[in-house]
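Enquirer: This is structure.cif (mmCIF, C-alpha atoms).
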```cif
data_data
#
loop_
_atom_site.label_atom_id
_atom_site.label_comp_id
_atom_site.auth_asym_id
_atom_site.auth_seq_id
_atom_site.Cartn_x
_atom_site.Cartn_y
_atom_site.Cartn_z
CA MET A 159 -69.75 -99.31 109.42
CA SER A 160 -72.24 -96.70 110.60
CA LEU A 161 -75.26 -95.89 108.49
CA VAL A 162 -74.45 -92.17 108.47
CA GLU A 163 -71.08 -90.60 109.21
CA ILE A 164 -70.80 -86.83 109.18
CA LYS A 165 -67.51 -85.09 109.88
CA ASN A 166 -66.86 -81.35 110.12
CA LEU A 167 -69.92 -80.46 108.07
CA GLU A 168 -70.17 -76.78 107.22
CA HIS A 169 -72.70 -74.90 105.18
CA ARG A 170 -73.47 -71.24 104.71
CA TYR A 171 -76.36 -69.34 103.19
CA GLY A 172 -74.53 -66.27 101.92
CA ASN A 173 -72.72 -64.85 104.94
CA HIS A 174 -74.83 -66.76 107.42
CA THR A 175 -73.24 -69.98 108.71
CA VAL A 176 -75.87 -72.60 109.45
CA LEU A 177 -73.75 -75.68 110.02
CA ALA A 178 -70.39 -75.01 111.64
CA GLY A 179 -68.32 -78.16 111.83
CA LEU A 180 -71.10 -80.61 112.66
CA ASN A 181 -70.11 -84.16 113.57
CA LEU A 182 -72.72 -86.90 113.78
CA THR A 183 -72.93 -90.66 113.49
CA LEU A 184 -76.18 -92.56 113.06
CA GLU A 185 -76.54 -96.31 113.40
CA GLU A 186 -79.06 -98.73 111.99
CA GLY A 187 -82.22 -99.65 113.82
CA GLU A 188 -82.95 -96.40 115.65
CA ILE A 189 -85.61 -93.71 115.56
CA ILE A 190 -83.69 -90.49 116.00
CA GLY A 191 -85.26 -87.17 116.88
CA LEU A 192 -83.42 -84.24 115.34
CA LEU A 193 -84.32 -81.37 117.61
CA GLY A 194 -83.66 -77.67 117.83
CA PRO A 195 -85.31 -74.30 117.40
CA ASN A 196 -86.05 -72.69 114.04
CA GLY A 197 -82.97 -71.84 112.01
CA VAL A 198 -80.60 -74.17 113.81
CA GLY A 199 -79.92 -76.25 110.69
CA LYS A 200 -82.17 -79.29 110.95
CA THR A 201 -83.66 -78.95 107.46
CA THR A 202 -80.29 -77.99 106.01
CA LEU A 203 -78.70 -81.12 107.47
CA MET A 204 -81.51 -83.25 106.07
CA LYS A 205 -81.24 -81.65 102.65
CA ILE A 206 -77.51 -82.34 102.58
CA LEU A 207 -78.08 -85.97 103.53
CA CYS A 208 -80.67 -86.34 100.76
CA GLY A 209 -78.54 -84.68 98.10
CA LEU A 210 -80.57 -81.51 97.69
CA ILE A 211 -77.70 -79.31 98.86
CA GLN A 212 -74.35 -80.09 97.31
CA ASN A 213 -72.20 -77.09 98.15
CA TYR A 214 -70.98 -77.96 101.61
CA ASP A 215 -67.64 -78.53 103.30
CA GLY A 216 -66.78 -81.61 105.26
CA SER A 217 -67.49 -85.28 104.78
CA VAL A 218 -70.88 -86.96 104.62
CA LEU A 219 -71.09 -90.72 104.11
CA VAL A 220 -74.32 -92.68 103.85
CA ASP A 221 -74.00 -96.46 103.90
CA GLY A 222 -70.28 -96.00 103.49
CA GLN A 223 -70.52 -93.88 100.35
CA PRO A 224 -70.53 -90.14 99.65
CA ILE A 225 -73.82 -88.48 98.76
CA GLY A 226 -74.81 -89.58 95.29
CA VAL A 227 -76.95 -92.06 93.40
CA HIS A 228 -76.38 -94.88 95.92
CA SER A 229 -77.17 -92.77 98.99
CA LYS A 230 -80.36 -91.49 97.34
CA SER A 231 -81.38 -95.07 96.61
CA VAL A 232 -81.16 -96.04 100.31
CA ILE A 233 -82.71 -92.86 101.73
CA SER A 234 -86.44 -92.21 101.67
CA TYR A 235 -87.06 -88.50 102.12
CA LEU A 236 -90.18 -86.71 103.28
CA PRO A 237 -89.65 -82.95 103.00
CA GLU A 238 -91.67 -80.36 104.84
CA ARG A 239 -93.64 -79.52 101.71
CA THR A 240 -95.59 -81.40 99.05
CA TYR A 241 -93.42 -82.29 96.11
CA PHE A 242 -95.86 -83.90 93.72
CA ARG A 243 -97.16 -82.11 90.65
CA LYS A 244 -100.66 -80.84 91.33
CA SER A 245 -101.87 -82.57 88.18
CA GLU A 246 -100.39 -85.91 89.31
CA ASN A 247 -102.86 -88.49 90.54
CA VAL A 248 -102.36 -91.34 93.00
CA LYS A 249 -102.01 -93.98 90.29
CA SER A 250 -99.40 -92.05 88.30
CA ALA A 251 -97.46 -91.20 91.46
CA ILE A 252 -97.31 -94.90 92.32
CA GLY A 253 -96.06 -95.57 88.79
CA MET A 254 -93.34 -92.97 89.18
CA PHE A 255 -92.11 -94.37 92.49
CA ARG A 256 -92.15 -97.87 91.02
CA ASP A 257 -90.03 -96.65 88.10
CA PHE A 258 -87.36 -94.90 90.14
CA TYR A 259 -87.10 -96.89 93.36
CA LYS A 260 -86.22 -100.58 93.29
CA ASP A 261 -87.17 -100.92 96.96
CA PHE A 262 -90.65 -99.45 96.49
CA ASP A 263 -93.37 -101.79 97.75
CA GLU A 264 -96.21 -101.02 95.38
CA LYS A 265 -98.64 -103.40 97.05
CA LYS A 266 -98.10 -101.73 100.42
CA ALA A 267 -98.50 -98.27 98.91
CA VAL A 268 -101.77 -99.26 97.23
CA GLU A 269 -103.11 -100.78 100.46
CA MET A 270 -102.18 -97.72 102.50
CA ALA A 271 -103.66 -95.38 99.88
CA MET A 272 -106.87 -97.43 99.98
CA ASP A 273 -106.91 -97.08 103.77
CA LEU A 274 -107.01 -93.34 103.16
CA LYS A 275 -110.06 -93.93 100.94
CA LEU A 276 -108.45 -92.14 98.02
CA ASP A 277 -109.61 -92.43 94.43
CA SER A 278 -106.60 -93.56 92.41
CA LYS A 279 -107.45 -91.04 89.71
CA GLN A 280 -107.93 -88.09 92.06
CA LYS A 281 -105.49 -85.29 91.38
CA ILE A 282 -103.15 -84.52 94.25
CA GLY A 283 -103.72 -80.80 93.78
CA THR A 284 -107.40 -81.24 94.68
CA MET A 285 -106.62 -82.88 98.04
CA SER A 286 -106.49 -81.06 101.34
CA LYS A 287 -103.10 -80.28 102.88
CA GLY A 288 -103.56 -82.98 105.49
CA MET A 289 -104.45 -85.57 102.87
CA GLN A 290 -101.44 -84.59 100.75
CA GLU A 291 -99.19 -84.99 103.80
CA LYS A 292 -100.64 -88.44 104.50
CA LEU A 293 -100.30 -89.51 100.88
CA GLN A 294 -96.72 -88.35 100.71
CA LEU A 295 -95.94 -90.24 103.91
CA VAL A 296 -97.54 -93.36 102.41
CA PHE A 297 -95.18 -93.22 99.45
CA VAL A 298 -92.12 -92.53 101.58
CA MET A 299 -92.84 -95.28 104.10
CA SER A 300 -93.69 -97.79 101.35
CA ARG A 301 -90.05 -98.02 100.50
CA LYS A 302 -87.71 -100.53 102.14
CA ALA A 303 -85.10 -97.85 102.68
CA LYS A 304 -82.19 -97.98 105.09
CA LEU A 305 -82.77 -94.44 106.26
CA PHE A 306 -86.02 -92.52 106.41
CA VAL A 307 -85.51 -88.77 106.64
CA LEU A 308 -88.71 -87.06 107.75
CA ASP A 309 -88.63 -83.28 107.97
CA GLU A 310 -91.41 -81.94 110.18
CA PRO A 311 -93.85 -84.67 109.14
CA MET A 312 -96.53 -83.36 111.47
CA GLY A 313 -96.16 -79.65 110.89
CA GLY A 314 -99.39 -77.80 110.21
CA VAL A 315 -101.76 -80.78 110.37
CA ASP A 316 -104.62 -81.58 112.70
CA PRO A 317 -104.23 -83.93 115.71
CA THR A 318 -105.99 -86.83 113.92
CA THR A 319 -103.58 -86.59 111.03
CA ARG A 320 -100.69 -86.37 113.49
CA ASP A 321 -101.82 -89.61 115.11
CA TYR A 322 -102.10 -91.24 111.69
CA ILE A 323 -98.59 -90.14 110.78
CA LEU A 324 -97.13 -91.42 114.04
CA THR A 325 -98.94 -94.74 113.73
CA THR A 326 -97.79 -95.15 110.13
CA ILE A 327 -94.19 -94.40 111.07
CA LEU A 328 -94.26 -96.97 113.86
CA ASN A 329 -96.07 -99.61 111.81
CA GLN A 330 -93.75 -99.37 108.84
CA TYR A 331 -90.53 -99.09 110.83
CA THR A 332 -88.24 -102.14 110.80
CA GLU A 333 -85.13 -102.89 112.80
CA ASN A 334 -83.04 -102.93 109.62
CA SER A 335 -83.63 -99.25 109.00
CA SER A 336 -83.37 -95.97 110.84
CA ILE A 337 -85.63 -92.97 110.95
CA LEU A 338 -84.32 -89.44 111.32
CA LEU A 339 -87.23 -87.21 112.26
CA SER A 340 -87.22 -83.50 112.93
CA THR A 341 -90.09 -81.91 114.77
CA HIS A 342 -91.10 -79.05 117.01
CA LEU A 343 -93.89 -81.15 118.52
CA VAL A 344 -91.48 -82.88 120.86
CA HIS A 345 -94.13 -83.62 123.45
CA ASP A 346 -96.28 -85.53 120.96
CA VAL A 347 -93.46 -87.47 119.40
CA GLU A 348 -90.85 -88.18 122.03
CA GLN A 349 -92.38 -91.50 123.04
CA ILE A 350 -91.25 -93.04 119.74
CA PHE A 351 -87.65 -91.80 119.88
CA ASP A 352 -84.74 -94.10 120.65
CA ARG A 353 -82.24 -91.27 120.44
CA ALA A 354 -82.34 -87.49 120.56
CA VAL A 355 -79.90 -85.23 118.73
CA PHE A 356 -79.97 -81.61 119.81
CA LEU A 357 -78.48 -79.01 117.49
CA LYS A 358 -77.22 -75.63 118.59
CA GLN A 359 -75.18 -72.98 116.78
CA GLY A 360 -74.57 -75.29 113.84
CA ARG A 361 -73.20 -78.18 115.87
CA VAL A 362 -74.45 -81.18 117.77
CA LEU A 363 -75.07 -80.12 121.34
CA LEU A 364 -76.19 -83.51 122.57
CA ASN A 365 -76.54 -86.96 121.04
CA GLU A 366 -77.96 -89.41 123.54
CA GLN A 367 -80.42 -92.24 123.98
CA VAL A 368 -83.70 -90.85 125.29
CA ASP A 369 -83.93 -93.35 128.15
CA VAL A 370 -80.49 -92.32 129.37
CA LEU A 371 -81.36 -88.65 128.96
CA ARG A 372 -84.58 -88.99 130.91
CA ALA A 373 -82.81 -90.96 133.66
CA GLU A 374 -79.94 -88.48 133.93
CA THR A 375 -81.99 -85.30 133.80
CA GLY A 376 -85.18 -86.48 135.42
CA MET A 377 -87.04 -84.61 132.70
CA SER A 378 -88.98 -85.56 129.61
CA ILE A 379 -87.34 -84.75 126.29
CA ASP A 380 -89.84 -81.93 125.81
CA GLN A 381 -88.94 -80.43 129.18
CA TYR A 382 -85.25 -80.83 128.47
CA PHE A 383 -85.75 -79.19 125.04
CA ARG A 384 -87.34 -76.17 126.68
CA GLU A 385 -84.54 -76.06 129.24
CA VAL A 386 -81.76 -76.20 126.67
CA TYR A 387 -83.21 -73.62 124.31
CA ARG A 388 -84.61 -71.22 126.90
CA MET B 566 -82.93 -94.09 84.33
CA PHE B 567 -82.60 -91.65 81.42
CA GLY B 568 -85.55 -93.33 79.74
CA LYS B 569 -87.61 -93.16 82.92
CA VAL B 570 -86.94 -89.43 83.33
CA MET B 571 -87.92 -88.88 79.72
CA LYS B 572 -91.07 -90.97 80.17
CA GLN B 573 -92.11 -88.94 83.24
CA GLU B 574 -91.49 -85.66 81.43
CA LEU B 575 -93.44 -86.74 78.36
CA ARG B 576 -96.31 -87.81 80.58
CA ALA B 577 -96.25 -84.56 82.52
CA ASN B 578 -96.65 -82.52 79.32
CA SER B 579 -98.85 -84.85 77.32
CA LEU B 580 -102.20 -83.32 78.22
CA LEU B 581 -101.25 -79.73 77.43
CA TYR B 582 -99.42 -80.48 74.20
CA GLY B 583 -102.01 -83.08 73.25
CA VAL B 584 -104.84 -80.57 73.45
CA ALA B 585 -102.85 -77.85 71.70
CA SER B 586 -101.81 -80.23 68.94
CA ALA B 587 -105.36 -81.49 68.47
CA ILE B 588 -106.67 -77.93 68.07
CA ALA B 589 -103.86 -77.06 65.66
CA LEU B 590 -104.53 -80.18 63.59
CA LEU B 591 -108.23 -79.35 63.55
CA PHE B 592 -107.54 -75.94 62.02
CA ALA B 593 -105.08 -77.43 59.53
CA PHE B 594 -107.46 -80.12 58.32
CA ALA B 595 -110.45 -77.78 58.31
CA THR B 596 -108.51 -75.30 56.15
CA VAL B 597 -107.56 -78.01 53.66
CA ILE B 598 -110.98 -79.68 53.61
CA ASN B 599 -112.74 -76.32 53.25
CA ARG B 600 -111.18 -75.66 49.88
CA THR B 601 -111.61 -79.16 48.52
CA ARG B 602 -115.33 -79.36 49.12
CA GLY B 603 -116.69 -75.95 48.28
CA THR B 604 -117.18 -74.03 45.07
CA ASP B 605 -114.98 -71.04 44.37
CA VAL B 606 -117.47 -68.79 46.11
CA SER B 607 -118.42 -70.78 49.20
CA TYR B 608 -114.84 -71.60 50.10
CA LEU B 609 -114.04 -67.87 50.24
CA VAL B 610 -116.46 -67.35 53.12
CA LYS B 611 -114.63 -69.62 55.56
CA ALA B 612 -111.09 -69.52 54.15
CA PRO B 613 -109.97 -66.23 55.75
CA LEU B 614 -111.19 -67.36 59.17
CA LEU B 615 -109.54 -70.76 58.91
CA ILE B 616 -106.29 -69.32 57.57
CA SER B 617 -106.27 -66.77 60.40
CA GLY B 618 -106.92 -69.63 62.81
CA CYS B 619 -103.92 -71.52 61.40
CA THR B 620 -101.75 -68.43 61.74
CA ILE B 621 -102.81 -67.87 65.34
CA ALA B 622 -102.28 -71.58 66.04
CA ILE B 623 -98.66 -71.32 64.88
CA VAL B 624 -98.01 -68.33 67.13
CA VAL B 625 -99.76 -69.96 70.09
CA LEU B 626 -97.91 -73.27 69.63
CA VAL B 627 -94.51 -71.60 69.54
CA ILE B 628 -95.18 -69.32 72.52
CA LEU B 629 -96.81 -72.15 74.46
CA PHE B 630 -93.83 -74.40 73.83
CA LEU B 631 -91.26 -71.81 74.92
CA ILE B 632 -93.11 -70.69 78.03
CA HIS B 633 -94.15 -74.18 79.10
CA THR B 634 -90.65 -75.59 78.57
CA ALA B 635 -89.18 -72.88 80.77
CA LEU B 636 -91.86 -73.16 83.45
CA ARG B 637 -91.73 -76.95 83.52
CA TYR B 638 -87.95 -76.92 84.02
CA GLN B 639 -88.17 -74.19 86.63
CA LYS B 640 -90.91 -75.96 88.64
CA SER B 641 -89.47 -79.46 88.41
CA MET B 642 -85.95 -78.40 89.35
CA TYR B 643 -86.33 -75.35 91.58
CA GLY B 644 -89.93 -75.40 92.76
CA ASN B 645 -91.45 -77.74 95.34
CA GLU B 646 -91.20 -80.57 92.82
CA GLY B 647 -87.44 -80.13 92.99
CA TYR B 648 -87.48 -81.83 96.40
CA LEU B 649 -88.55 -85.00 94.61
CA THR B 650 -86.42 -84.46 91.51
CA PHE B 651 -83.15 -84.01 93.37
CA SER B 652 -83.79 -86.86 95.79
CA LEU B 653 -84.31 -89.38 92.97
CA PRO B 654 -81.48 -91.93 92.66
CA ILE B 655 -80.28 -90.70 89.28
CA SER B 656 -77.22 -88.78 88.18
CA SER B 657 -77.42 -85.11 87.25
CA VAL B 658 -76.51 -85.95 83.66
CA GLU B 659 -79.35 -88.46 83.31
CA LEU B 660 -81.75 -86.02 84.92
CA VAL B 661 -81.01 -83.04 82.70
CA THR B 662 -80.59 -85.01 79.47
CA GLY B 663 -83.82 -86.92 80.13
CA LYS B 664 -85.72 -83.66 80.59
CA TYR B 665 -84.00 -82.13 77.58
CA ALA B 666 -84.78 -85.11 75.36
CA ALA B 667 -88.47 -84.94 76.31
CA ALA B 668 -88.62 -81.18 75.69
CA ALA B 669 -86.78 -81.63 72.38
CA LEU B 670 -89.24 -84.29 71.27
CA TRP B 671 -92.18 -82.02 72.03
CA GLY B 672 -90.31 -79.26 70.21
CA ILE B 673 -89.93 -81.40 67.12
CA ILE B 674 -93.64 -82.23 67.26
CA VAL B 675 -94.42 -78.49 67.49
CA CYS B 676 -92.13 -77.83 64.52
CA VAL B 677 -93.88 -80.49 62.44
CA LEU B 678 -97.28 -79.07 63.41
CA CYS B 679 -96.15 -75.56 62.47
CA ALA B 680 -94.94 -76.85 59.11
CA LEU B 681 -98.28 -78.54 58.57
CA LEU B 682 -100.11 -75.34 59.49
CA CYS B 683 -97.91 -73.32 57.09
CA PHE B 684 -98.79 -75.72 54.32
CA SER B 685 -102.47 -75.43 55.25
CA ILE B 686 -102.25 -71.64 55.07
CA ILE B 687 -100.67 -71.74 51.61
CA TYR B 688 -102.89 -74.50 50.28
CA GLY B 689 -105.96 -73.05 51.95
CA ALA B 690 -105.48 -69.82 50.04
CA VAL B 691 -105.56 -71.57 46.65
CA ALA B 692 -108.94 -71.60 44.93
CA PRO B 693 -110.39 -75.08 44.26
CA SER B 694 -110.15 -74.46 40.54
CA GLY B 695 -106.43 -73.79 40.90
CA THR B 696 -105.56 -77.09 42.55
CA GLU B 697 -103.93 -78.71 39.53
CA LEU B 698 -101.95 -75.57 38.75
CA PHE B 699 -100.82 -75.39 42.40
CA TRP B 700 -99.43 -78.92 42.43
CA ALA B 701 -97.85 -78.43 39.02
CA GLU B 702 -96.03 -75.36 40.35
CA VAL B 703 -94.98 -77.29 43.45
CA GLU B 704 -93.54 -80.06 41.30
CA LYS B 705 -91.74 -77.52 39.12
CA VAL B 706 -90.18 -75.77 42.13
CA TRP B 707 -89.25 -79.05 43.79
CA ALA B 708 -87.44 -80.17 40.65
CA MET B 709 -85.25 -77.05 40.61
CA ASP B 710 -81.57 -77.53 41.39
CA GLY B 711 -80.74 -76.78 44.99
CA ILE B 712 -84.33 -76.13 46.10
CA ARG B 713 -84.71 -79.51 47.79
CA SER B 714 -81.40 -79.30 49.62
CA SER B 715 -82.13 -75.68 50.57
CA MET B 716 -85.48 -76.62 52.04
CA ILE B 717 -83.97 -79.54 53.92
CA LEU B 718 -81.24 -77.23 55.23
CA ILE B 719 -83.86 -74.71 56.35
CA ALA B 720 -85.85 -77.45 58.11
CA VAL B 721 -82.70 -78.77 59.83
CA SER B 722 -81.56 -75.31 60.90
CA LEU B 723 -85.00 -74.49 62.30
CA THR B 724 -85.00 -77.74 64.24
CA LEU B 725 -81.49 -77.15 65.51
CA GLY B 726 -82.52 -73.63 66.44
CA MET B 727 -85.38 -75.01 68.46
CA LEU B 728 -83.07 -77.50 70.20
CA GLU B 729 -80.61 -74.71 70.95
CA THR B 730 -83.42 -72.57 72.37
CA VAL B 731 -84.41 -75.33 74.79
CA ALA B 732 -80.79 -75.69 75.89
CA LEU B 733 -80.48 -71.93 76.35
CA LEU B 734 -83.68 -71.82 78.40
CA TYR B 735 -82.36 -74.56 80.67
CA LEU B 736 -79.01 -72.83 81.00
CA ALA B 737 -80.60 -69.45 81.76
CA ILE B 738 -82.86 -70.87 84.45
CA THR B 739 -79.96 -72.81 86.00
CA LEU B 740 -77.75 -69.71 86.02
CA ALA B 741 -80.53 -67.70 87.63
CA HIS B 742 -80.46 -70.09 90.59
CA LEU B 743 -76.74 -70.04 91.22
CA PRO B 744 -75.95 -69.18 94.84
CA PHE B 745 -74.21 -65.92 94.05
CA ILE B 746 -77.16 -64.64 92.00
CA ARG B 747 -80.38 -63.52 93.61
CA LYS B 748 -82.50 -66.65 93.60
CA GLY B 749 -84.69 -67.05 90.53
CA ASN B 750 -83.61 -63.79 88.96
CA GLY B 751 -85.62 -64.04 85.78
CA ILE B 752 -84.32 -60.79 84.35
CA PHE B 753 -80.74 -61.94 84.73
CA ALA B 754 -81.69 -65.27 83.18
#
```
Produce structure tokens that represent the structure in this file.
Expert:
Amino acid sequence: MSLVEIKNLEHRYGNHTVLAGLNLTLEEGEIIGLLGPNGVGKTTLMKILCGLIQNYDGSVLVDGQPIGVHSKSVISYLPERTYFRKSENVKSAIGMFRDFYKDFDEKKAVEMAMDLKLDSKQKIGTMSKGMQEKLQLVFVMSRKAKLFVLDEPMGGVDPTTRDYILTTILNQYTENSSILLSTHLVHDVEQIFDRAVFLKQGRVLLNEQVDVLRAETGMSIDQYFREVYR
Amino acid sequence: MFGKVMKQELRANSLLYGVASAIALLFAFATVINRTRGTDVSYLVKAPLLISGCTIAIVVLVILFLIHTALRYQKSMYGNEGYLTFSLPISSVELVTGKYAAAALWGIIVCVLCALLCFSIIYGAVAPSGTELFWAEVEKVWAMDGIRSSMILIAVSLTLGMLETVALLYLAITLAHLPFIRKGNGIFA
């Protein structure tokens, strides 16, 4: 049984079709780069996987089950924006994750938050954007999820924060789980990918292991990205 | 999970409602204490201010509750916080009923505070020398046939009205975010 099985997935925003019969299978134990230009449907696909969009056509199975309570319990989602209340502090956010997620490793979250030198009572709304991104990543990666869905985790942050995010992703990754990561910073991130999925016109254009892709094309993933979407 | 949703909602609103409730209680107690300590003349100096304060507190509490309930639902379901809310491993029913239960509990607390403030306004307007007469009249009215059941019915209907209002607010905000309606159309809601 594959971790994710998507068949004939379609979704429209009004009259605009974003996903047009997308088929995709993801297996355990891989870091998958979900690549494509703006508007190609990466975020929409991730939102559907995480249960944020429910009006779609087609079949989406996560861990053998349709999107629902079980799939949300095995997926750890990092959206492209901060989702904590501004008045929430680190301690209360840890409490909330502990309440809702059985696989949340509180000890790991506390250790990682301490590495960021954060005051547990500091309000999230008073932190810089970069710090909020890091904190959110800490919470997401502190779960022992089967699938980590990271939507543009390095968008709009400085290079030091980008390095921190990459290191955290690699350090917390285990072979029992998979990471689905979308990014425009292909050059910075491609070294961690096991597989690259290219989307175009609402469908999967290419789904291949990065080593095979590099060998076949003689190009880096970044170069191939630029070639495909020229 | 329903309990956890309710716990999170209560925690999210506790500071705002806590402060508002504390201020309302302060006015209520001050109004009552003012008339029990002073002479007929001295109590008259502060009574109008305190009674006005109680009146304003009632209006502020009600408006605060309605606006905050709507905003809280809107932000937690359809704002950035919605990314967390909808990715939690809980069913839609548990999610909405948990939020509703928390809002209803705060609503009941607001209703009780308003009732207390109303009593403070009435009692605060009675001269200290008229205290015994006031309570005698209260006892007389309370003993009248049907008065008790009427007052209980009024209290129940006001509470049910508040609960209905919360449900209507939730429904309106949800409808305003349906795909075929312009997103977040507050006027339509």
Enquirer: Using atom CA of B:Glu646 and atom CA of A:Phe306 as the two end points, give the distance in Å to one decimal.
Expert: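 Atom CA of B:Glu646 sits 18.8 Å away from atom CA of A:Phe306.
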Enquirer: Excluding same-chain residues fewer than 6 positions from A:Tyr214, what lies within 9 Å of it counting all atoms listed in the file, as a list in words?
Expert: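 Close residues of A:Tyr214: Leu167, Glu168, His169, Arg170 and Ile206 of chain A.
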Enquirer: Taking all atoms listed in the file into account, which of A:Val268, A:Val176, A:Ile190, A:Leu236 comes nearest A:Gly313?
Expert: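 Ranking A:Val268, A:Val176, A:Ile190, A:Leu236 by distance to A:Gly313, first place goes to A:Leu236.
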Enquirer: Determine, counting only C-alpha atoms, which protein, DNA and RNA residues have an atom within 12 Å of an atom of A:Cys208; residues of the same chain fewer than 6 positions away are not included. Present the result as a ChimeraX atom specification.
Expert: /A:162,201-202,218-220,224-237,305-309,338 /B:648-654
Enquirer: Given the file shown, enumerate the residues that the PyMOL selection byres ((chain B and resi 569-577) around 9) captures and present them as number ranges by chain.
Expert: A: 243, 245-246, 254, 257-258; B: 566-568, 578-581, 637, 659-668, 670-671
Enquirer: Selected by the PyMOL selection byres ((chain A and resi 356) around 7) in the shown coordinates: which residues, as a PDB file with C-alpha atoms, in the frame of the given file?
Expert:
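File expr21.pdb, as written:
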```pdb
ATOM      1  CA  LEU A 192     -83.420 -84.240 115.340  1.00  0.00           C
ATOM      2  CA  LEU A 193     -84.320 -81.370 117.610  1.00  0.00           C
ATOM      3  CA  GLY A 194     -83.660 -77.670 117.830  1.00  0.00           C
ATOM      4  CA  ALA A 354     -82.340 -87.490 120.560  1.00  0.00           C
ATOM      5  CA  VAL A 355     -79.900 -85.230 118.730  1.00  0.00           C
ATOM      6  CA  LEU A 357     -78.480 -79.010 117.490  1.00  0.00           C
ATOM      7  CA  LYS A 358     -77.220 -75.630 118.590  1.00  0.00           C
ATOM      8  CA  VAL A 362     -74.450 -81.180 117.770  1.00  0.00           C
ATOM      9  CA  LEU A 363     -75.070 -80.120 121.340  1.00  0.00           C
ATOM     10  CA  LEU A 364     -76.190 -83.510 122.570  1.00  0.00           C
ATOM     11  CA  ASN A 365     -76.540 -86.960 121.040  1.00  0.00           C
TER      12      ASN A 365
END
```
Enquirer: Please compute the atom CA of A:Leu371-atom CA of A:Pro195 distance, one decimal, in Å.
Expert: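 A separation of 18.8 Å between them.
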Enquirer: Because some atoms of stretch 276-287 of chain A are absent here, can you restore N, CA and C atoms and send them as an mmCIF file, keeping the file's coordinate frame?
Expert:
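Wrote result_10.cif, looks like this:
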```
data_model
loop_
_atom_site.group_PDB
_atom_site.id
_atom_site.type_symbol
_atom_site.label_atom_id
_atom_site.label_comp_id
_atom_site.auth_asym_id
_atom_site.auth_seq_id
_atom_site.Cartn_x
_atom_site.Cartn_y
_atom_site.Cartn_z
ATOM 1 N N LEU A 276 -108.743 -93.040 99.133
ATOM 2 C CA LEU A 276 -108.450 -92.140 98.020
ATOM 3 C C LEU A 276 -108.814 -92.780 96.693
ATOM 4 N N ASP A 277 -109.362 -91.988 95.796
ATOM 5 C CA ASP A 277 -109.610 -92.430 94.430
ATOM 6 C C ASP A 277 -108.275 -92.385 93.701
ATOM 7 N N SER A 278 -107.924 -93.485 93.043
ATOM 8 C CA SER A 278 -106.600 -93.560 92.410
ATOM 9 C C SER A 278 -106.429 -92.507 91.312
ATOM 10 N N LYS A 279 -107.545 -92.023 90.793
ATOM 11 C CA LYS A 279 -107.450 -91.040 89.710
ATOM 12 C C LYS A 279 -107.628 -89.596 90.217
ATOM 13 N N GLN A 280 -107.770 -89.438 91.534
ATOM 14 C CA GLN A 280 -107.930 -88.090 92.060
ATOM 15 C C GLN A 280 -106.625 -87.334 91.976
ATOM 16 N N LYS A 281 -106.700 -86.100 91.505
ATOM 17 C CA LYS A 281 -105.490 -85.290 91.380
ATOM 18 C C LYS A 281 -105.035 -84.833 92.758
ATOM 19 N N ILE A 282 -103.720 -84.866 92.954
ATOM 20 C CA ILE A 282 -103.150 -84.520 94.250
ATOM 21 C C ILE A 282 -103.423 -83.062 94.574
ATOM 22 N N GLY A 283 -103.461 -82.222 93.561
ATOM 23 C CA GLY A 283 -103.720 -80.800 93.780
ATOM 24 C C GLY A 283 -105.106 -80.508 94.325
ATOM 25 N N THR A 284 -106.026 -81.462 94.185
ATOM 26 C CA THR A 284 -107.400 -81.240 94.680
ATOM 27 C C THR A 284 -107.574 -81.749 96.106
ATOM 28 N N MET A 285 -106.521 -82.343 96.666
ATOM 29 C CA MET A 285 -106.620 -82.880 98.040
ATOM 30 C C MET A 285 -106.311 -81.795 99.058
ATOM 31 N N SER A 286 -106.803 -82.001 100.269
ATOM 32 C CA SER A 286 -106.490 -81.060 101.340
ATOM 33 C C SER A 286 -105.015 -81.219 101.727
ATOM 34 N N LYS A 287 -104.504 -80.231 102.459
ATOM 35 C CA LYS A 287 -103.100 -80.280 102.880
ATOM 36 C C LYS A 287 -102.827 -81.534 103.714
#
```
